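Next comes final21.txt, a file with compact mmCIF, C-alpha atoms.
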# COMPACT_ATOMS: atom_id res chain seq x y z
CA MET A 846 5.54 121.12 38.34
CA VAL A 847 5.73 117.47 37.32
CA LEU A 848 4.53 116.92 33.78
CA SER A 849 2.65 113.85 32.68
CA GLN A 850 4.46 111.43 30.38
CA GLY A 851 3.80 111.56 26.64
CA CYS A 852 2.44 115.09 26.53
CA GLU A 853 4.92 117.16 24.49
CA VAL A 854 5.70 120.58 25.93
CA PHE A 855 8.03 123.43 25.09
CA LEU A 856 10.30 124.45 27.95
CA LYS A 857 12.30 127.61 28.41
CA ILE A 858 14.89 127.08 31.11
CA VAL A 859 18.10 128.74 32.27
CA VAL A 860 21.22 126.59 32.60
CA ASN A 861 24.28 128.17 34.19
CA GLY A 862 22.93 131.60 33.31
CA GLU A 863 22.26 130.73 29.64
CA ASN A 864 18.76 130.62 28.20
CA LYS A 865 17.93 127.20 26.74
CA GLU A 866 14.90 125.85 25.01
CA LEU A 867 14.01 122.20 24.89
CA THR A 868 11.14 119.95 24.08
CA GLY A 869 9.81 118.14 27.08
CA PRO A 870 8.87 116.43 29.11
CA ALA A 871 12.50 116.09 30.11
CA SER A 872 14.10 115.01 33.32
CA LEU A 873 17.13 116.64 34.86
CA GLU A 874 19.10 113.49 34.03
CA GLU A 875 18.12 113.78 30.36
CA LEU A 876 19.21 117.41 30.28
CA ILE A 877 22.59 116.53 31.78
CA ARG A 878 23.03 113.76 29.21
CA GLN A 879 22.04 116.05 26.33
CA LEU A 880 24.55 118.66 27.45
CA GLY A 881 27.33 116.07 27.47
CA VAL A 882 28.21 116.74 31.09
CA HIS A 883 29.83 113.99 33.15
CA LYS A 884 26.96 112.97 35.40
CA GLU A 885 29.03 111.45 38.22
CA THR A 886 31.16 114.51 38.89
CA VAL A 887 28.60 117.24 38.37
CA VAL A 888 26.45 118.68 41.12
CA ALA A 889 23.04 119.90 40.04
CA GLU A 890 20.83 122.56 41.55
CA VAL A 891 17.32 123.29 40.37
CA ASN A 892 15.93 126.55 41.64
CA ARG A 893 18.66 126.61 44.30
CA GLN A 894 17.81 123.13 45.57
CA ILE A 895 20.55 120.51 45.27
CA ILE A 896 19.25 117.44 43.47
CA GLN A 897 21.10 114.26 44.42
CA LEU A 898 22.31 111.90 41.68
CA ASP A 899 19.63 109.28 42.34
CA LYS A 900 16.80 111.84 42.19
CA ARG A 901 17.69 113.35 38.80
CA SER A 902 15.83 110.88 36.61
CA GLY A 903 12.64 111.41 38.58
CA LEU A 904 12.78 115.18 38.45
CA GLN A 905 10.84 116.54 35.48
CA LEU A 906 11.92 120.01 34.44
CA SER A 907 9.39 122.82 34.37
CA ASP A 908 9.18 125.97 32.29
CA GLY A 909 11.27 128.73 33.90
CA ASP A 910 13.49 126.41 35.94
CA GLN A 911 16.87 127.81 36.89
CA ILE A 912 19.48 125.07 36.71
CA GLU A 913 23.05 125.20 37.91
CA LEU A 914 25.54 122.51 36.95
CA ILE A 915 28.67 122.74 39.06
CA GLN A 916 31.90 120.77 39.08
CA PHE A 917 35.31 120.76 40.71
CA VAL A 918 37.94 123.00 39.16
CA GLY A 919 41.44 123.95 40.23
CA GLY A 920 41.65 126.20 43.26
CA GLY A 921 43.80 127.07 46.22
CA MET B 721 69.18 101.99 66.18
CA THR B 722 68.57 105.64 65.35
CA ALA B 723 65.53 106.49 63.26
CA THR B 724 65.94 107.15 59.56
CA LEU B 725 64.54 110.31 58.02
CA ASN B 726 61.74 108.29 56.47
CA GLN B 727 60.83 106.73 59.84
CA LEU B 728 60.84 110.13 61.53
CA MET B 729 58.55 111.65 58.94
CA THR B 730 56.09 108.77 58.67
CA GLN B 731 55.72 108.40 62.44
CA ASP B 732 55.08 112.12 62.88
CA THR B 733 51.37 112.20 62.14
CA TYR B 734 48.63 114.70 62.93
CA GLN B 735 44.86 114.59 62.86
CA ILE B 736 42.11 116.79 61.54
CA ASN B 737 38.72 115.82 62.97
CA GLY B 738 39.99 112.30 63.60
CA LYS B 739 41.49 111.74 60.16
CA ILE B 740 45.22 111.00 60.28
CA PHE B 741 47.73 112.64 57.94
CA THR B 742 51.48 112.42 57.53
CA SER B 743 52.35 115.01 54.90
CA ARG B 744 52.33 118.50 56.34
CA LEU B 745 52.02 120.20 53.00
CA LEU B 746 48.57 120.94 51.61
CA VAL B 747 48.64 121.92 47.97
CA GLY B 748 46.17 123.79 45.81
CA THR B 749 45.18 122.80 42.29
CA GLY B 750 44.71 126.26 40.75
CA LYS B 751 46.79 128.25 38.26
CA TYR B 752 48.82 125.40 36.72
CA ALA B 753 49.71 125.64 33.04
CA THR B 754 48.18 122.19 32.47
CA ASN B 755 46.33 119.61 34.52
CA GLU B 756 49.07 117.09 33.72
CA LEU B 757 51.67 119.37 35.31
CA MET B 758 49.41 119.84 38.30
CA GLY B 759 49.18 116.08 38.79
CA GLU B 760 52.97 115.73 38.65
CA CYS B 761 53.45 118.56 41.13
CA LEU B 762 50.97 117.07 43.60
CA GLU B 763 52.86 113.79 43.41
CA ALA B 764 56.24 115.49 43.85
CA SER B 765 55.06 117.54 46.81
CA GLY B 766 54.06 114.41 48.72
CA THR B 767 50.81 116.10 49.68
CA GLU B 768 47.83 114.15 51.01
CA ILE B 769 45.29 116.98 51.06
CA VAL B 770 44.54 119.02 47.96
CA THR B 771 42.30 122.03 47.70
CA VAL B 772 39.79 122.30 44.89
CA ALA B 773 37.15 124.85 43.94
CA LEU B 774 33.62 124.56 42.57
CA ARG B 775 32.48 126.43 39.52
CA ARG B 776 29.86 126.23 36.79
CA VAL B 777 30.42 123.61 34.10
CA ASN B 778 31.44 125.27 30.83
CA LEU B 779 28.64 124.16 28.54
CA ASP B 780 30.61 125.15 25.43
CA LYS B 781 33.29 122.56 26.13
CA LYS B 782 31.43 119.29 25.83
CA GLY B 783 33.34 116.21 26.86
CA GLU B 784 36.29 118.21 28.18
CA LYS B 785 38.36 116.40 30.78
CA ASN B 786 37.40 117.03 34.35
CA LEU B 787 39.75 118.01 37.19
CA LEU B 788 38.99 114.66 38.80
CA ASP B 789 40.51 112.93 35.77
CA PHE B 790 43.83 114.18 37.14
CA ILE B 791 43.29 113.80 40.89
CA ASP B 792 42.41 110.45 42.39
CA PRO B 793 40.05 111.09 45.33
CA LYS B 794 41.10 107.71 46.74
CA LYS B 795 44.69 108.90 46.94
CA TYR B 796 44.12 112.46 48.09
CA THR B 797 41.71 113.98 50.59
CA LEU B 798 39.89 116.66 48.65
CA LEU B 799 39.49 119.93 50.48
CA PRO B 800 36.90 121.97 48.56
CA ASN B 801 37.22 125.68 49.16
CA THR B 802 34.67 128.45 49.24
CA ALA B 803 37.03 130.89 47.54
CA GLY B 804 35.30 133.78 45.87
CA CYS B 805 32.46 133.84 48.41
CA TYR B 806 31.76 137.20 50.02
CA SER B 807 28.97 136.21 52.41
CA ALA B 808 28.31 133.41 54.88
CA GLU B 809 25.28 132.40 52.81
CA GLU B 810 27.31 131.98 49.61
CA ALA B 811 30.03 130.04 51.40
CA ILE B 812 27.50 127.70 53.01
CA ARG B 813 25.89 127.09 49.61
CA VAL B 814 29.25 126.16 48.08
CA ALA B 815 30.02 123.86 51.01
CA HIS B 816 26.68 122.11 50.46
CA LEU B 817 27.43 121.73 46.74
CA ALA B 818 30.84 120.27 47.56
CA ARG B 819 29.38 117.74 49.96
CA ALA B 820 26.73 116.76 47.41
CA THR B 821 29.51 115.35 45.22
CA GLY B 822 29.80 112.61 47.83
CA ILE B 823 33.57 112.90 47.68
CA SER B 824 34.41 114.94 50.76
CA ASP B 825 32.85 116.54 53.79
CA PHE B 826 35.93 118.68 54.33
CA VAL B 827 35.64 122.36 53.57
CA LYS B 828 38.24 125.09 53.43
CA LEU B 829 36.03 127.91 54.57
CA GLU B 830 36.96 131.22 53.07
CA VAL B 831 34.60 134.18 53.33
CA LEU B 832 36.23 137.23 51.83
CA TYR B 833 35.61 140.89 52.45
CA ASP B 834 37.90 142.77 50.10
CA GLU B 835 38.88 141.89 46.53
CA LYS B 836 42.22 143.64 46.54
CA THR B 837 43.62 142.19 49.75
CA LEU B 838 41.51 139.00 49.76
CA LEU B 839 41.29 139.47 53.51
CA PRO B 840 38.52 137.52 55.20
CA ASP B 841 35.32 138.98 56.60
CA PRO B 842 35.76 137.92 60.23
CA ILE B 843 32.11 138.21 61.22
CA ALA B 844 30.78 136.25 58.24
CA THR B 845 33.60 133.70 58.62
CA LEU B 846 32.65 133.09 62.24
CA GLU B 847 28.97 132.79 61.35
CA ALA B 848 29.63 130.30 58.55
CA THR B 849 32.04 128.28 60.71
CA THR B 850 29.40 127.93 63.43
CA ILE B 851 26.76 126.74 60.97
CA LEU B 852 28.93 124.34 58.98
CA VAL B 853 30.34 122.71 62.12
CA LYS B 854 26.77 122.12 63.33
CA GLU B 855 25.94 120.61 59.94
CA GLY B 856 28.69 118.03 60.36
CA PHE B 857 31.33 119.38 58.02
CA THR B 858 35.03 119.15 58.79
CA VAL B 859 35.71 122.86 58.78
CA MET B 860 39.16 124.28 58.15
CA THR B 861 38.82 128.02 58.36
CA TYR B 862 40.94 130.61 56.59
CA THR B 863 41.46 133.69 58.73
CA SER B 864 43.79 136.62 59.20
CA ASP B 865 46.60 136.25 61.73
CA ASP B 866 44.54 137.93 64.46
CA PRO B 867 44.92 135.83 67.63
CA VAL B 868 41.52 136.89 68.99
CA MET B 869 39.72 135.84 65.82
CA ALA B 870 41.60 132.54 65.81
CA GLN B 871 40.34 131.83 69.32
CA LYS B 872 36.77 132.75 68.38
CA LEU B 873 36.92 130.32 65.45
CA GLU B 874 38.18 127.52 67.68
CA GLN B 875 35.39 128.24 70.14
CA ALA B 876 32.93 128.01 67.24
CA GLY B 877 34.17 124.48 66.62
CA ALA B 878 36.54 124.91 63.67
CA HIS B 879 38.49 121.69 63.19
CA ALA B 880 41.51 123.65 62.02
CA VAL B 881 42.28 127.35 62.05
CA MET B 882 44.33 128.60 59.13
CA PRO B 883 45.81 132.07 59.44
CA ALA B 884 47.30 133.63 56.34
CA GLY B 885 51.04 134.16 56.51
CA SER B 886 50.54 137.12 54.18
CA PRO B 887 47.96 137.99 51.51
CA ILE B 888 46.84 135.12 49.24
CA GLY B 889 49.17 134.64 46.29
CA SER B 890 51.49 137.44 47.44
CA GLY B 891 54.53 135.27 48.16
CA GLN B 892 55.57 137.50 51.05
CA GLY B 893 56.03 134.66 53.53
CA VAL B 894 55.02 134.86 57.19
CA LEU B 895 54.86 138.58 57.90
CA ASN B 896 53.93 138.45 61.57
CA PRO B 897 55.47 135.39 63.19
CA ASN B 898 54.66 136.77 66.64
CA ASN B 899 50.94 136.63 65.94
CA ILE B 900 51.32 133.05 64.75
CA ARG B 901 53.22 132.23 67.96
CA ILE B 902 50.41 133.72 70.05
CA ILE B 903 47.80 131.78 68.06
CA LEU B 904 49.76 128.57 68.62
CA GLU B 905 49.99 129.30 72.33
CA LYS B 906 46.25 129.94 72.65
CA LEU B 907 44.72 127.24 70.42
CA LYS B 908 44.46 123.50 70.94
CA CYS B 909 43.07 122.67 67.49
CA PRO B 910 45.43 122.30 64.51
CA VAL B 911 46.80 125.61 63.23
CA LEU B 912 47.98 125.76 59.62
CA ILE B 913 49.53 128.59 57.67
CA ASP B 914 47.30 129.13 54.68
CA ALA B 915 48.52 131.40 51.92
CA GLY B 916 51.30 133.86 51.35
CA VAL B 917 54.32 131.59 51.18
CA GLY B 918 56.56 132.09 48.17
CA SER B 919 59.47 129.72 48.56
CA ALA B 920 60.67 126.60 50.33
CA SER B 921 62.39 128.72 53.00
CA ASP B 922 59.05 130.44 53.73
CA VAL B 923 57.52 127.03 54.36
CA ALA B 924 60.43 126.05 56.59
CA VAL B 925 60.07 129.26 58.60
CA ALA B 926 56.34 128.62 59.04
CA MET B 927 56.93 125.03 60.14
CA GLU B 928 59.66 126.10 62.57
CA LEU B 929 57.06 128.23 64.34
CA GLY B 930 55.26 125.00 65.18
CA VAL B 931 52.24 125.08 62.92
CA VAL B 932 50.82 121.70 62.06
CA ALA B 933 51.06 122.20 58.31
CA VAL B 934 51.26 124.71 55.49
CA LEU B 935 48.79 125.18 52.65
CA LEU B 936 50.03 126.73 49.42
CA ASN B 937 49.20 126.93 45.73
CA THR B 938 50.66 129.82 43.75
CA ALA B 939 54.21 129.32 45.00
CA ILE B 940 54.36 126.01 43.15
CA ALA B 941 51.98 126.68 40.26
CA HIS B 942 53.62 129.95 39.23
CA ALA B 943 57.24 129.04 39.92
CA LYS B 944 59.47 129.10 36.84
CA ASP B 945 59.77 125.35 37.22
CA PRO B 946 56.75 124.16 39.20
CA LEU B 947 57.92 120.55 39.48
CA LYS B 948 61.27 121.52 41.01
CA MET B 949 59.48 123.88 43.38
CA ALA B 950 57.10 121.08 44.41
CA TYR B 951 60.10 118.97 45.44
CA ALA B 952 61.64 121.99 47.16
CA MET B 953 58.44 122.65 49.12
CA LYS B 954 58.31 119.04 50.29
CA ASN B 955 61.87 119.26 51.54
CA GLY B 956 61.40 122.73 53.02
CA CYS B 957 58.35 121.53 54.89
CA GLU B 958 60.11 118.48 56.28
CA ALA B 959 63.20 120.51 57.16
CA GLY B 960 61.10 123.06 59.03
CA ARG B 961 59.17 120.39 60.88
CA LEU B 962 62.31 118.51 61.94
CA SER B 963 63.98 121.76 62.95
CA TYR B 964 60.97 122.60 65.13
CA LEU B 965 61.00 119.14 66.72
CA ALA B 966 64.76 119.19 67.18
CA GLY B 967 64.64 122.54 68.97
CA ARG B 968 66.80 125.42 67.86
CA ILE B 969 69.60 126.92 69.96
CA PRO B 970 68.85 130.20 71.66
CA LYS B 971 70.04 133.32 69.84
CA LYS B 972 72.96 135.03 71.61
CA LEU B 973 74.47 138.46 71.21
CA TYR B 974 78.10 137.31 71.29
CA ALA B 975 80.11 134.59 69.62
CA GLN B 976 80.60 131.18 71.16
CA ALA B 977 83.49 129.28 69.65
CA SER B 978 82.84 125.86 68.19
CA THR B 979 86.50 124.90 68.40
CA PRO B 980 88.53 124.65 71.62
CA GLN B 981 90.43 127.93 71.98
CA LYS B 982 93.60 126.62 73.70
CA ASP B 983 96.05 123.68 73.77
CA PHE B 984 97.18 124.08 70.16
Before anything else, please render the file you have as structure tokens.
Amino acid sequence: MVLSQGCEVFLKIVVNGENKELTGPASLEELIRQLGVHKETVVAEVNRQIIQLDKRSGLQLSDGDQIELIQFVGGG
Amino acid sequence: MTATLNQLMTQDTYQINGKIFTSRLLVGTGKYATNELMGECLEASGTEIVTVALRRVNLDKKGEKNLLDFIDPKKYTLLPNTAGCYSAEEAIRVAHLARATGISDFVKLEVLYDEKTLLPDPIATLEATTILVKEGFTVMTYTSDDPVMAQKLEQAGAHAVMPAGSPIGSGQGVLNPNNIRIILEKLKCPVLIDAGVGSASDVAVAMELGVVAVLLNTAIAHAKDPLKMAYAMKNGCEAGRLSYLAGRIPKKLYAQASTPQKDF
């Protein structure tokens, strides 16, 4: 659901398996910034859909969204 | 003029899906004591392709340095793996996530079946290979050393087939060189040994069989002195490759003297 600007809402979301609460409306880009995650190297999924870097600011989070923030780590 | 070692090695290139490489050592980025040490070892190994994994960001460690702070994607081709995936669906998801970084469309496809042996699930591996090739990925598939499975993966379009020399991280070397020989005889696509090597001599043995390259991680990362081992692996790899190209003498049952046996 895309929320209208200016209307304050209370969102319960899940980020990387952890329950989070935030005051919205908030875009995915804002969430990533608030969490202090490096935006260029992180891959974001919302409800199992990959959201490309240039689409994050336009994606308004909805109550109940499941968000995954993934990055490269060492591996063989 | 005869070629120098450097000329021999730099002219001896190979391709994976049209991309040209010179170094025949692929090195993983896991299990190092520090990221700084990892960076030094990658440099020392001379590798051009490094494997990486994808995992959740640790939200409790804000501002922590990222793996990519230590690996320049302009210098190395990143080969994201699907390690830890136990179904084709999971592996395909991870491949999609990797490609979404915009850094690489290479994938080291690994679909496991058993946690203890880390042996691949052949059916799921084949299914995922077929799909990812169709989706335009450069697919380098980890498999057992079964020659039939290797052929099936090539038929599915794998850009490289990568049989394990022995179980991942086991350091047992190439346990069944005959299967690797059969795979090399049957396949036209690049064949790499992926996993199981423990020392520079293991790499040399693998390269002498004629594989295109060797992929390793633990053997360097968990060596007592990883940096020295990285240099050793580079030299072992080059020695094995040159030995393969040079052509070994046949093994004989009886002695053949190197020194004239009369007129002294």
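With only C-alpha atoms as the basis for measurement, A:Asn861 is the residue among A:Leu867, A:Leu873, A:Asp908, A:Asn861 that approaches chain B most closely.
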Quick one: pull the distance between CA of Val923 (chain B) and CA of Ile903 (chain B), Å, one decimal.
17.5 Å
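If you count all atoms listed in the file and ignore residues fewer than 3 places along the chain from Ile877 (chain A), what sits within 10 Å of it is Ser872, Leu873, Glu874, Leu880, Gly881, Val882, His883, Lys884, Val887, Ala889, Arg901 and Leu914 of chain A.
Between CA of Ala871 (chain A) and CA of Asn892 (chain A) the separation is 15.9 Å.
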I'd like to know which of A:Gln879, A:Gln916, A:Gln894, A:Ser907 is closest to chain B, using only C-alpha atoms.
A:Gln916
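The interatomic distance for the pair CA of Asp834 (chain B) and CA of Leu852 (chain B) works out to 22.3 Å.
Selecting chain B residues within 8 Å of chain A and counting all atoms listed in the file yields Val747, Gly748, Thr749, Gly750, Lys751, Thr771, Val772, Ala773, Leu774, Arg775, Arg776, Val777, Leu779, Lys782, Gly783, Asn786, Leu787, Leu788, Asn801, Ala803, Leu817, Ala818, Ala820, Thr821, Leu936, Asn937 and Thr938 of chain B.
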Contacts of Ser890 (chain B) at 9 Å (all atoms listed in the file; same-chain gap of 5+ positions) as a PyMOL selection string
chain B and resi 915-918+938-939
Please list as a PyMOL selection string every residue within 7 Å of Cys909 (chain B), counting all atoms listed in the file and excluding residues in the same chain fewer than 6 positions away.
chain B and resi 874+879-880
Excluding Glu866 (chain A) and any residue of its chain fewer than 6 positions from it, enumerate the residues within 10 Å of it, using all atoms listed in the file, and give them as a short mmCIF file (atom, residue, chain, number, x, y, z; two decimals) with C-alpha atoms, keeping the file's coordinate frame.
data_model
loop_
_atom_site.label_atom_id
_atom_site.label_comp_id
_atom_site.auth_asym_id
_atom_site.auth_seq_id
_atom_site.Cartn_x
_atom_site.Cartn_y
_atom_site.Cartn_z
CA PHE A 855 8.03 123.43 25.09
CA LEU A 856 10.30 124.45 27.95
CA LYS A 857 12.30 127.61 28.41
CA ILE A 858 14.89 127.08 31.11
CA VAL A 859 18.10 128.74 32.27
CA VAL A 860 21.22 126.59 32.60
CA ASP A 908 9.18 125.97 32.29
#
Might you pull out every residue within 8 Å of region 796-798 of chain B, with all atoms listed in the file counted and same-chain residues fewer than 6 positions away left off, and present them as number ranges by chain?
B: 767-772, 823-824, 826
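Proximity ranking of A:Cys852, A:Lys865, A:Val891, A:Leu876 relative to Asp910 (chain A) places A:Val891 first, based on all atoms listed in the file.
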